[in-house]
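What follows is a set of notes on a single structure, which appears directly below.
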Amino acid sequence: MVFKEMDHELLLDDWQRANHEVGVAGFHRDGIVDLESWSKAPVKLMFVLKETNGEAENIDVRQRIKDASIKITGWRKSRVLQRVGRWAFGLLNYQDGIIPNYPANDGVIYQSPLSVAYVNLLKRNGGSVTGSKRLDIAVDRCQDLIREQIDLINPDIVVLCGTYGPMQRHVCQGMQKKSHRVHQDDNRIYINAFHPAARNISSKELYAQVMEAYDNFKKTPA
């Protein structure tokens, strides 16, 4: 399936208008970070997070990630992008039942997100903690838009970064559990991961959680 970039941008325009109608200020565009890198990726990988933090104005999340890949920025210093970069590297390079070693090289960490789709359920600024009730209400309101964005991007693997609950309730009710932390809806795989900003678990433990869940799924008989 060919990615229809214009359709995706028009969807984001509709989303911005819908947010404005309910009084949500600021809109953060997101999606496939870099189309050229995405097209070369061995697997189409999407990360679904909650909302951005510390960005009150209209921004393009994709450009923020691109900037962080080449220079020191606030995003480059973020534990969220660092951990997403490690997970992206691991999933993009997993093959033949071998989990890639935990990446420590900055080049790997900040280049890997260029090959993925990075989206937030709430395309706006938030605080350090996203209230579960507020998130649930917003996802319910935007469920059709969220579903359409996923379908337009058409990933093979979706990593739900602390977003499994609202996604399961409102967007992907057809997900069926296949193994520990892994669900499937048709041919699309969903990995239920902790949020990458989690403070009570180390970066190495989070990497192991995501990669071992995927490895167990791949080794589970169909």
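The chains in the structure tokens are called A, B, ... from first to last as shown; in each chain the residues are counted from 1, and the ligands are counted from 1 in the order shown.
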Please, which residues in region 111-222 of chain A fall within 7 Å of region 42-66 of chain A when counting only C-alpha atoms, and what is the closest atom pair and distance in Å to one decimal for each, ordered by chain then residue number, as CSV?
```
residue,atom,partner,partner_atom,distance
A:Leu114,CA,A:Lys66,CA,6.8
A:Val116,CA,A:Leu45,CA,5.2
A:Ala117,CA,A:Met46,CA,4.5
A:Tyr118,CA,A:Phe47,CA,5.0
A:Val119,CA,A:Val48,CA,5.1
A:Asn120,CA,A:Leu49,CA,4.7
A:Leu121,CA,A:Lys50,CA,5.1
A:Leu122,CA,A:Glu51,CA,5.0
A:Lys123,CA,A:Glu51,CA,6.0
A:Arg124,CA,A:Glu51,CA,6.0
A:Asn125,CA,A:Thr52,CA,5.1
A:Gly126,CA,A:Asn53,CA,5.0
A:Gly127,CA,A:Asn53,CA,5.6
A:Ser128,CA,A:Asn53,CA,6.5
A:Pro155,CA,A:Lys44,CA,4.8
A:Asp156,CA,A:Lys44,CA,5.1
A:Ile157,CA,A:Leu45,CA,5.0
A:Val158,CA,A:Met46,CA,4.7
A:Val159,CA,A:Phe47,CA,4.8
A:Leu160,CA,A:Val48,CA,5.1
A:Cys161,CA,A:Leu49,CA,5.2
A:Gly162,CA,A:Leu49,CA,6.9
A:Thr163,CA,A:Leu49,CA,6.3
```
| Members of region 22-201 of chain A assigned strand (DSSP E) by DSSP, as a ChimeraX atom specification | /A:28-29,31-32,45-49,52-53,59-60,117-120,125-126,157-161,176-179,182-185,188-193
DSSP on the backbone: what in chain A comes out helix (DSSP H, G or I), as a compact mmCIF listing (two decimals) with C-alpha atoms, in the first residue's frame?
```txt
# COMPACT_ATOMS: atom_id res chain seq x y z
CA GLU A 5 0.92 11.89 2.01
CA MET A 6 -1.62 14.50 0.90
CA ASP A 7 -4.53 12.52 2.37
CA HIS A 8 -2.63 12.30 5.64
CA GLU A 9 -1.99 16.05 5.76
CA LEU A 10 -5.65 16.75 5.02
CA LEU A 11 -6.58 14.43 7.89
CA LEU A 12 -4.37 16.45 10.21
CA ASP A 13 -6.07 19.64 8.97
CA ASP A 14 -9.45 18.13 9.86
CA TRP A 15 -8.10 17.09 13.25
CA GLN A 16 -6.82 20.59 13.97
CA ARG A 17 -10.23 22.07 13.14
CA ALA A 18 -11.96 19.50 15.35
CA ASN A 19 -9.67 20.39 18.25
CA HIS A 20 -10.26 24.10 17.70
CA GLU A 21 -14.02 23.56 17.82
CA LEU A 35 9.41 9.31 4.16
CA GLU A 36 12.65 8.26 2.51
CA SER A 37 13.88 6.42 5.62
CA TRP A 38 10.42 4.89 6.15
CA SER A 39 10.35 3.54 2.59
CA LYS A 40 13.66 1.74 3.15
CA VAL A 61 6.71 16.64 15.84
CA ARG A 62 8.32 15.09 12.77
CA GLN A 63 10.59 18.09 12.33
CA ARG A 64 11.50 18.09 16.01
CA ILE A 65 12.68 14.47 15.68
CA LYS A 66 14.62 15.25 12.50
CA ASP A 67 16.34 18.17 14.22
CA ALA A 68 17.27 15.95 17.17
CA SER A 69 18.93 13.48 14.80
CA ILE A 70 21.58 16.02 13.79
CA GLY A 74 15.49 19.62 23.99
CA TRP A 75 14.01 16.65 22.18
CA ARG A 76 17.43 15.00 21.87
CA LYS A 77 17.83 15.26 25.64
CA ARG A 79 14.34 10.23 27.75
CA VAL A 80 11.22 9.58 25.66
CA LEU A 81 12.95 10.01 22.30
CA GLN A 82 16.06 8.19 23.53
CA ARG A 83 14.03 5.15 24.56
CA VAL A 84 11.84 5.19 21.46
CA GLY A 85 15.04 5.31 19.42
CA ARG A 86 16.37 2.21 21.15
CA TRP A 87 13.09 0.33 20.70
CA ALA A 88 12.99 1.35 17.06
CA PHE A 89 16.52 0.09 16.50
CA GLY A 90 15.74 -3.24 18.16
CA LEU A 91 12.52 -3.89 16.26
CA LEU A 92 13.90 -2.73 12.92
CA ASN A 93 16.94 -4.98 13.26
CA ASP A 106 23.97 8.12 19.93
CA GLY A 107 23.99 7.72 16.16
CA VAL A 108 21.84 4.61 16.43
CA ILE A 109 19.54 6.10 19.07
CA TYR A 110 18.73 9.31 17.20
CA GLN A 111 18.81 8.03 13.62
CA SER A 112 16.48 5.08 14.17
CA PRO A 113 13.34 7.23 14.78
CA LEU A 114 13.71 8.65 11.27
CA SER A 115 12.49 5.29 9.95
CA SER A 132 -6.13 8.85 32.46
CA LYS A 133 -9.68 10.23 32.48
CA ARG A 134 -8.78 13.20 30.30
CA LEU A 135 -6.92 10.92 27.90
CA ASP A 136 -9.82 8.49 27.71
CA ILE A 137 -12.36 11.22 26.97
CA ALA A 138 -10.17 12.75 24.27
CA VAL A 139 -9.44 9.40 22.60
CA ASP A 140 -13.14 8.58 22.59
CA ARG A 141 -13.86 11.93 20.92
CA GLN A 143 -11.34 7.74 17.77
CA ASP A 144 -12.30 7.95 14.09
CA LEU A 145 -9.43 10.33 13.37
CA ILE A 146 -6.96 8.11 15.23
CA ARG A 147 -8.18 5.04 13.38
CA GLU A 148 -7.91 6.80 10.03
CA GLN A 149 -4.37 7.97 10.75
CA ILE A 150 -3.27 4.44 11.57
CA ASP A 151 -4.93 3.07 8.45
CA LEU A 152 -3.37 5.73 6.21
CA ILE A 153 0.11 5.03 7.57
CA TYR A 164 -3.00 0.29 25.37
CA GLY A 165 -6.07 0.95 27.55
CA PRO A 166 -7.72 3.79 25.59
CA MET A 167 -6.66 2.27 22.27
CA GLN A 168 -8.28 -1.04 23.15
CA ARG A 169 -11.46 0.60 24.44
CA HIS A 170 -12.05 3.08 21.64
CA VAL A 171 -9.91 2.48 18.57
CA SER A 203 15.99 2.05 30.04
CA LYS A 204 17.56 -1.40 29.70
CA GLU A 205 14.57 -3.04 31.39
CA LEU A 206 12.16 -1.23 29.10
CA TYR A 207 14.15 -2.28 26.05
CA ALA A 208 14.08 -5.88 27.25
CA GLN A 209 10.32 -5.66 27.88
CA VAL A 210 9.57 -4.58 24.32
CA MET A 211 12.04 -6.88 22.60
CA GLU A 212 11.29 -9.99 24.64
CA ALA A 213 7.56 -9.50 24.09
CA TYR A 214 8.12 -9.33 20.33
CA ASP A 215 10.57 -12.25 20.39
CA ASN A 216 8.12 -14.43 22.33
CA PHE A 217 5.38 -13.58 19.84
CA LYS A 218 7.57 -14.47 16.88
CA LYS A 219 8.42 -17.82 18.50
```
